[in-house]
Amino acid sequence: MRASGIDEYYITGQASDWEKFEMWAMTVPKMIRNPLYHWTHLELNRPFGINNMLLSEKTAKAVWEKCNVKLSTKDFTAQGILKKMNVEIVCTTDDPIDSLEFHQSYAKLKNKKTSTKLVPAWRPDKAMAAEDADSFNVYIGKLEAAANYEIKDFASLIQALRIRHAYFHDHGCRLSDHGIETAYADDYTESEVVNIFKRVRRGKMLDAAEIGKFKSAMMYEFGVMDYEKGWVQQLHLGALRNTNSRMRRVLGPDTGYDSIGDFEVARPLSKYLDRLDAGDKLAKTILYNLNPRDNELMASMIGNFQDGKSPGKIQYGSSWWFLDQKDGMTKQIEALSDLGVLSQFIGMLTDSRSFLSYPRHEYFRRILCRILGSEMEQGLIPNDLSHVGAIAANICYHNAKRYFPFASEE
């Protein structure tokens, strides 16, 4: 919308919902070949059933009215949409200090009003963000309160996080997720990290080397926690965030001014995974890259740490964020096929922002099946619908259900 000349008033400003929708409708026809064009019409088709008109300034009012009629029915409550889209499990992204009170409330609905399971996912990135001493110390105070445990040194920091990790486990959490620029695996000693934590707790600004050592120690501790509890760890690597300082001052962080970064990935990622694997403490791991230059890097990296026991233990995760589009998904599938074992892939794990974004799964399935079907026709893979179809079904559903430790608890 910004690139189309739409004023911020109609994007994040005080315009009414209708005014914002109308501006979006005016923008959509200009979005040809952008995934938002595909997603918009897939979402109108499923679940709204609007498949006979394209969204534009001319159709905006009719689409608005049709959708709002349906949104007023019980089939279009949050639970209704989850049921309509056959969603079995939703994982939210939660900080270690989060109370999980809404998970507790939702658990009381189990077998009453919903068949969709809701569990938290552990996102502890703020607990290692020591580059900003003031913000970090405020966070540590909140962590102390959440864990009901005094944090007086590095050891007690880790213990407080372990308390919260166990709390999350008790509330059904079985996976972690880190949104970081790259993996952190600098060499460090215990005494160095102890002293670094003391410095930042005194409000001292750390230098780059100290920040790297601290993050590396924390990432190792997080990895060990996940392994000990049998969780899956996810690493989303490569985002360059909040690049526009002027707009950050106006709107705050995470308001659409992020891009693909070009950080070093291979060496630190390999070292991080090896550090855990060397002590036999490497959990199931999913790796996601944001820079497409790293596709083959990731697809080859996962082969270094497969253990011959858990099928697809280390996963090259589906395309996300800027790569969550036809070309990005195709290239990720191609890289995994060329350098890994596609049939073990756990497929699309959507990074949803709304209850209507589940057609992104269909988007992925269409792309996967187009690739497989085209190669069947070309004779590049067997023209055996039963065999290839089973692989597609596994990638789209069964592999993920087997991979994550949720199903075994039902």
# chains A, B, ... in the order shown; residues from 1 in each chain; ligands from 1
>>> closest_atom_pairs(of="stretch 307-361 of chain A", to="stretch 232-235 of chain A", cutoff="12 Å", atoms="only C-alpha atoms", output="CSV")
residue,atom,partner,partner_atom,distance
A:Lys313,CA,A:Val232,CA,9.3
A:Ile314,CA,A:Val232,CA,9.6
A:Gln315,CA,A:Gln234,CA,9.3
A:Tyr316,CA,A:Gln234,CA,10.1
A:Gly317,CA,A:Gln234,CA,8.7
A:Ser318,CA,A:Gln234,CA,11.6
A:Trp320,CA,A:Leu235,CA,11.7
A:Leu349,CA,A:Gln234,CA,11.2
>>> residues_around(residues="stretch 259-265 of chain A", least_positions_apart="6", cutoff="7 Å", atoms="only C-alpha atoms", output="PyMOL selection string")
chain A and resi 181-183+238-241+290-291
>>> closest_residue(among="A:Ile163, A:Cys173, A:Leu54, A:Leu282", to="A:Val90", atoms="only C-alpha atoms")
A:Cys173
>>> atom_distance(atom1="atom CA of A:Gly80", atom2="atom CA of A:Leu356")
11.1 Å
>>> residues_around(residues="stretch 333-337 of chain A", least_positions_apart="3", cutoff="6 Å", atoms="only C-alpha atoms", output="list of chain:residue names")
A:Glu296, A:Ala299, A:Thr330, A:Gly340, A:Val341, A:Leu342
>>> write_last_selection(atoms="C-alpha atoms", output="CSV table (one decimal), in the first residue's frame")
chain,number,residue,atom,x,y,z
A,296,GLU,CA,21.4,-24.9,-0.8
A,299,ALA,CA,19.6,-28.1,2.4
A,330,THR,CA,9.5,-23.7,-5.5
A,340,GLY,CA,18.1,-33.9,0.9
A,341,VAL,CA,15.2,-36.3,1.1
A,342,LEU,CA,12.0,-34.5,0.1
>>> closest_residue(among="A:Thr77, A:Gly373, A:Lys229, A:Ile346", to="A:Tyr403", atoms="only C-alpha atoms")
A:Ile346
>>> select_by_dssp(residues="stretch 113-343 of chain A", states="alpha helix (DSSP H)", output="JSON, numbers by chain")
{"A": [133, 134, 135, 136, 137, 138, 139, 140, 141, 142, 143, 144, 145, 146, 147, 154, 155, 156, 157, 158, 159, 160, 161, 162, 163, 164, 165, 166, 167, 168, 169, 170, 190, 191, 192, 193, 194, 195, 196, 197, 198, 199, 200, 201, 208, 209, 210, 211, 212, 213, 214, 215, 216, 217, 218, 219, 220, 221, 222, 223, 224, 225, 226, 227, 228, 229, 245, 246, 247, 248, 249, 250, 251, 266, 267, 268, 269, 270, 271, 272, 273, 274, 275, 276, 277, 278, 295, 296, 297, 298, 299, 300, 301, 326, 327, 328, 329, 330, 331, 332, 333, 334, 335, 336, 337, 338, 339]}
>>> residues_around(residues="stretch 191-198 of chain A", least_positions_apart="5", cutoff="10 Å", atoms="only C-alpha atoms", output="short mmCIF file (atom, residue, chain, number, x, y, z; two decimals) with N, CA and C atoms, in the first residue's frame")
data_model
loop_
_atom_site.label_atom_id
_atom_site.label_comp_id
_atom_site.auth_asym_id
_atom_site.auth_seq_id
_atom_site.Cartn_x
_atom_site.Cartn_y
_atom_site.Cartn_z
N ALA A 130 21.20 -8.75 25.30
CA ALA A 130 21.99 -7.95 26.23
C ALA A 130 22.64 -6.75 25.56
N LYS A 152 20.44 -13.34 40.55
CA LYS A 152 21.57 -12.58 41.09
C LYS A 152 22.86 -12.81 40.32
N ASP A 153 22.87 -13.83 39.45
CA ASP A 153 24.06 -14.12 38.65
C ASP A 153 23.64 -14.94 37.44
N PHE A 154 24.61 -15.32 36.62
CA PHE A 154 24.29 -16.05 35.40
C PHE A 154 23.62 -17.39 35.70
N ALA A 155 24.11 -18.09 36.69
CA ALA A 155 23.53 -19.39 37.04
C ALA A 155 22.06 -19.27 37.42
N LEU A 157 20.08 -16.88 36.45
CA LEU A 157 19.35 -16.54 35.22
C LEU A 157 18.90 -17.81 34.51
N GLY A 203 24.49 -2.20 34.23
CA GLY A 203 24.12 -1.18 33.27
C GLY A 203 25.20 -0.84 32.27
N LYS A 204 26.26 -1.62 32.21
CA LYS A 204 27.35 -1.35 31.28
C LYS A 204 26.98 -1.82 29.87
N MET A 205 27.34 -1.03 28.90
CA MET A 205 27.12 -1.42 27.51
C MET A 205 28.22 -2.40 27.10
N LEU A 206 27.82 -3.49 26.48
CA LEU A 206 28.77 -4.52 26.08
C LEU A 206 29.34 -4.23 24.70
N ASP A 207 30.56 -4.71 24.45
CA ASP A 207 31.10 -4.59 23.10
C ASP A 207 30.64 -5.78 22.27
N GLU A 210 31.64 -9.30 23.49
CA GLU A 210 30.91 -9.73 24.69
C GLU A 210 29.48 -10.12 24.35
N ILE A 211 28.84 -9.35 23.48
CA ILE A 211 27.47 -9.69 23.07
C ILE A 211 27.44 -11.04 22.39
N LYS A 213 29.52 -13.58 22.73
CA LYS A 213 29.77 -14.65 23.70
C LYS A 213 28.52 -14.92 24.54
N PHE A 214 27.86 -13.85 24.98
CA PHE A 214 26.68 -14.02 25.81
C PHE A 214 25.56 -14.71 25.04
N LYS A 215 25.29 -14.26 23.82
CA LYS A 215 24.24 -14.89 23.01
C LYS A 215 24.58 -16.36 22.72
N SER A 216 25.86 -16.63 22.50
CA SER A 216 26.27 -18.00 22.21
C SER A 216 26.03 -18.91 23.41
N ALA A 217 26.35 -18.41 24.60
CA ALA A 217 26.12 -19.20 25.81
C ALA A 217 24.63 -19.44 26.03
N MET A 218 23.83 -18.41 25.80
CA MET A 218 22.39 -18.53 25.99
C MET A 218 21.78 -19.50 24.99
#
>>> residues_around(residues="A:Ala400", least_positions_apart="6", cutoff="10 Å", atoms="only C-alpha atoms", output="list in words")
Gln344, Phe345, Ile346, Gly347, Met348, Leu349, Asn394, Phe406 and Ala407 of chain A
>>> residues_around(residues="stretch 114-126 of chain A", least_positions_apart="4", cutoff="8 Å", atoms="only C-alpha atoms", output="VMD selection string")
chain A and resid 79 82 to 83 87 to 96 100 103 106 to 107 109 to 110 136 139 165 168 171 to 180
>>> write_last_selection(atoms="C-alpha atoms", output="short mmCIF file (atom, residue, chain, number, x, y, z; two decimals), in the first residue's frame")
data_model
loop_
_atom_site.label_atom_id
_atom_site.label_comp_id
_atom_site.auth_asym_id
_atom_site.auth_seq_id
_atom_site.Cartn_x
_atom_site.Cartn_y
_atom_site.Cartn_z
CA GLN A 79 -13.78 -21.56 16.49
CA LEU A 82 -10.76 -23.30 12.78
CA LYS A 83 -13.31 -26.07 12.34
CA VAL A 87 -7.16 -27.03 11.99
CA GLU A 88 -6.02 -29.64 14.51
CA ILE A 89 -3.43 -27.64 16.43
CA VAL A 90 -2.43 -23.98 16.86
CA CYS A 91 0.87 -22.97 18.44
CA THR A 92 1.14 -19.41 19.68
CA THR A 93 4.45 -17.58 20.09
CA ASP A 94 5.06 -16.73 23.74
CA ASP A 95 7.80 -15.09 25.77
CA PRO A 96 9.07 -16.90 28.88
CA LEU A 100 -0.25 -18.37 29.55
CA HIS A 103 -4.06 -21.16 27.37
CA TYR A 106 -8.82 -22.45 26.51
CA ALA A 107 -7.87 -25.78 28.05
CA LEU A 109 -12.98 -25.77 26.60
CA LYS A 110 -11.32 -29.03 25.59
CA PHE A 136 17.59 -6.10 29.16
CA TYR A 139 13.22 -7.68 31.16
CA HIS A 165 10.61 -23.69 30.54
CA PHE A 168 5.58 -23.98 29.53
CA HIS A 171 1.04 -26.19 29.66
CA GLY A 172 1.64 -28.32 26.55
CA CYS A 173 4.57 -26.50 24.97
CA ARG A 174 6.76 -28.81 22.91
CA LEU A 175 8.67 -26.46 20.64
CA SER A 176 10.79 -23.35 20.76
CA ASP A 177 11.30 -20.68 18.12
CA HIS A 178 14.14 -18.19 17.75
CA GLY A 179 13.92 -15.21 15.40
CA ILE A 180 17.60 -14.24 15.10
#
>>> atom_distance(atom1="atom CA of A:Leu372", atom2="atom CA of A:Ser357")
24.5 Å
>>> closest_residue(among="A:Gly279, A:Pro359, A:Gly141, A:Pro405", to="A:Leu44", atoms="only C-alpha atoms")
A:Pro359
>>> select_by_dssp(residues="stretch 172-267 of chain A", states="strand (DSSP E)", output="number ranges by chain")
A: 175-180, 232-237, 239-240, 259-260
>>> write_last_selection(atoms="C-alpha atoms", output="tab-separated table (two decimals), in the first residue's frame")
chain	number	residue	atom	x	y	z
A	175	LEU	CA	8.67	-26.46	20.64
A	176	SER	CA	10.79	-23.35	20.76
A	177	ASP	CA	11.30	-20.68	18.12
A	178	HIS	CA	14.14	-18.19	17.75
A	179	GLY	CA	13.92	-15.21	15.40
A	180	ILE	CA	17.60	-14.24	15.10
A	232	VAL	CA	11.64	-29.33	18.76
A	233	GLN	CA	13.76	-26.20	18.31
A	234	GLN	CA	13.23	-23.83	15.39
A	235	LEU	CA	15.72	-21.26	14.10
A	236	HIS	CA	14.37	-18.49	11.85
A	237	LEU	CA	17.50	-16.86	10.48
A	239	ALA	CA	15.85	-10.93	9.00
A	240	LEU	CA	17.18	-7.37	8.98
A	259	SER	CA	14.01	-6.83	4.84
A	260	ILE	CA	16.17	-9.81	3.93
>>> residues_around(residues="A:Leu143", least_positions_apart="5", cutoff="10 Å", atoms="only C-alpha atoms", output="list in words")
Asp95, Pro96, Ile97, Asp98, Ala127, Asn137, Val138, Asn148, Tyr149, Glu150, Ile151, Leu157, Ala160, Leu161 and Arg164 of chain A
>>> write_last_selection(atoms="N, CA and C atoms", output="PDB file, in the first residue's frame")
ATOM      1  N   ASP A  95       6.576 -15.406  25.047  1.00  0.00           N
ATOM      2  CA  ASP A  95       7.796 -15.087  25.769  1.00  0.00           C
ATOM      3  C   ASP A  95       7.825 -15.857  27.086  1.00  0.00           C
ATOM      4  N   PRO A  96       9.008 -16.196  27.588  1.00  0.00           N
ATOM      5  CA  PRO A  96       9.074 -16.904  28.882  1.00  0.00           C
ATOM      6  C   PRO A  96       8.351 -16.212  30.022  1.00  0.00           C
ATOM      7  N   ILE A  97       8.169 -14.876  29.954  1.00  0.00           N
ATOM      8  CA  ILE A  97       7.484 -14.181  31.055  1.00  0.00           C
ATOM      9  C   ILE A  97       5.966 -14.199  30.897  1.00  0.00           C
ATOM     10  N   ASP A  98       5.457 -14.694  29.765  1.00  0.00           N
ATOM     11  CA  ASP A  98       4.012 -14.713  29.551  1.00  0.00           C
ATOM     12  C   ASP A  98       3.328 -15.640  30.555  1.00  0.00           C
ATOM     13  N   ALA A 127      15.558 -12.795  26.387  1.00  0.00           N
ATOM     14  CA  ALA A 127      16.392 -13.187  27.520  1.00  0.00           C
ATOM     15  C   ALA A 127      17.871 -13.202  27.175  1.00  0.00           C
ATOM     16  N   ASN A 137      17.771  -5.241  31.416  1.00  0.00           N
ATOM     17  CA  ASN A 137      17.595  -5.297  32.872  1.00  0.00           C
ATOM     18  C   ASN A 137      16.130  -5.160  33.277  1.00  0.00           C
ATOM     19  N   VAL A 138      15.379  -4.365  32.532  1.00  0.00           N
ATOM     20  CA  VAL A 138      13.938  -4.307  32.777  1.00  0.00           C
ATOM     21  C   VAL A 138      13.320  -5.684  32.555  1.00  0.00           C
ATOM     22  N   ASN A 148       9.329 -16.232  39.955  1.00  0.00           N
ATOM     23  CA  ASN A 148       9.369 -16.154  41.418  1.00  0.00           C
ATOM     24  C   ASN A 148      10.705 -16.683  41.940  1.00  0.00           C
ATOM     25  N   TYR A 149      11.769 -16.162  41.302  1.00  0.00           N
ATOM     26  CA  TYR A 149      13.116 -16.655  41.610  1.00  0.00           C
ATOM     27  C   TYR A 149      14.097 -15.503  41.423  1.00  0.00           C
ATOM     28  N   GLU A 150      14.905 -15.236  42.443  1.00  0.00           N
ATOM     29  CA  GLU A 150      15.848 -14.116  42.383  1.00  0.00           C
ATOM     30  C   GLU A 150      16.968 -14.400  41.385  1.00  0.00           C
ATOM     31  N   ILE A 151      17.218 -13.461  40.486  1.00  0.00           N
ATOM     32  CA  ILE A 151      18.285 -13.598  39.497  1.00  0.00           C
ATOM     33  C   ILE A 151      19.448 -12.709  39.943  1.00  0.00           C
ATOM     34  N   LEU A 157      20.081 -16.882  36.448  1.00  0.00           N
ATOM     35  CA  LEU A 157      19.349 -16.539  35.223  1.00  0.00           C
ATOM     36  C   LEU A 157      18.903 -17.808  34.508  1.00  0.00           C
ATOM     37  N   ALA A 160      16.145 -19.562  36.459  1.00  0.00           N
ATOM     38  CA  ALA A 160      14.844 -18.903  36.291  1.00  0.00           C
ATOM     39  C   ALA A 160      14.220 -19.281  34.955  1.00  0.00           C
ATOM     40  N   LEU A 161      15.037 -19.335  33.920  1.00  0.00           N
ATOM     41  CA  LEU A 161      14.528 -19.726  32.607  1.00  0.00           C
ATOM     42  C   LEU A 161      14.101 -21.203  32.604  1.00  0.00           C
ATOM     43  N   ARG A 164      10.673 -21.414  34.057  1.00  0.00           N
ATOM     44  CA  ARG A 164       9.651 -21.023  33.081  1.00  0.00           C
ATOM     45  C   ARG A 164       9.524 -22.057  31.966  1.00  0.00           C
TER      46      ARG A 164
END
>>> decode(residues="stretch 271-285 of chain A", atoms="N, CA and C atoms", output="mmCIF file, in the first residue's frame")
data_model
loop_
_atom_site.group_PDB
_atom_site.id
_atom_site.type_symbol
_atom_site.label_atom_id
_atom_site.label_comp_id
_atom_site.auth_asym_id
_atom_site.auth_seq_id
_atom_site.Cartn_x
_atom_site.Cartn_y
_atom_site.Cartn_z
ATOM 1 N N LYS A 271 28.648 -24.649 13.678
ATOM 2 C CA LYS A 271 29.308 -24.723 14.975
ATOM 3 C C LYS A 271 28.298 -24.851 16.110
ATOM 4 N N TYR A 272 27.180 -24.143 15.977
ATOM 5 C CA TYR A 272 26.142 -24.222 17.007
ATOM 6 C C TYR A 272 25.546 -25.637 17.076
ATOM 7 N N LEU A 273 25.172 -26.174 15.944
ATOM 8 C CA LEU A 273 24.588 -27.511 15.936
ATOM 9 C C LEU A 273 25.594 -28.551 16.417
ATOM 10 N N ASP A 274 26.863 -28.391 16.019
ATOM 11 C CA ASP A 274 27.898 -29.344 16.427
ATOM 12 C C ASP A 274 28.149 -29.266 17.931
ATOM 13 N N ARG A 275 28.093 -28.069 18.485
ATOM 14 C CA ARG A 275 28.316 -27.905 19.927
ATOM 15 C C ARG A 275 27.286 -28.712 20.709
ATOM 16 N N LEU A 276 26.049 -28.696 20.277
ATOM 17 C CA LEU A 276 25.014 -29.479 20.944
ATOM 18 C C LEU A 276 25.159 -30.964 20.631
ATOM 19 N N ASP A 277 25.434 -31.283 19.369
ATOM 20 C CA ASP A 277 25.539 -32.680 18.952
ATOM 21 C C ASP A 277 26.720 -33.379 19.630
ATOM 22 N N ALA A 278 27.815 -32.644 19.841
ATOM 23 C CA ALA A 278 29.017 -33.233 20.443
ATOM 24 C C ALA A 278 28.732 -33.776 21.836
ATOM 25 N N GLY A 279 27.818 -33.151 22.537
ATOM 26 C CA GLY A 279 27.431 -33.625 23.863
ATOM 27 C C GLY A 279 26.173 -34.463 23.838
ATOM 28 N N ASP A 280 25.750 -34.879 22.639
ATOM 29 C CA ASP A 280 24.521 -35.660 22.446
ATOM 30 C C ASP A 280 23.315 -34.936 23.060
ATOM 31 N N LYS A 281 23.239 -33.621 22.784
ATOM 32 C CA LYS A 281 22.144 -32.816 23.317
ATOM 33 C C LYS A 281 21.461 -32.006 22.208
ATOM 34 N N LEU A 282 21.504 -32.512 20.995
ATOM 35 C CA LEU A 282 20.878 -31.818 19.873
ATOM 36 C C LEU A 282 19.443 -32.307 19.705
ATOM 37 N N ALA A 283 18.497 -31.429 19.946
ATOM 38 C CA ALA A 283 17.078 -31.762 19.785
ATOM 39 C C ALA A 283 16.709 -31.811 18.306
ATOM 40 N N LYS A 284 15.537 -32.316 18.011
ATOM 41 C CA LYS A 284 14.998 -32.146 16.669
ATOM 42 C C LYS A 284 15.022 -30.653 16.333
ATOM 43 N N THR A 285 15.445 -30.325 15.127
ATOM 44 C CA THR A 285 15.676 -28.924 14.780
ATOM 45 C C THR A 285 15.142 -28.610 13.399
#
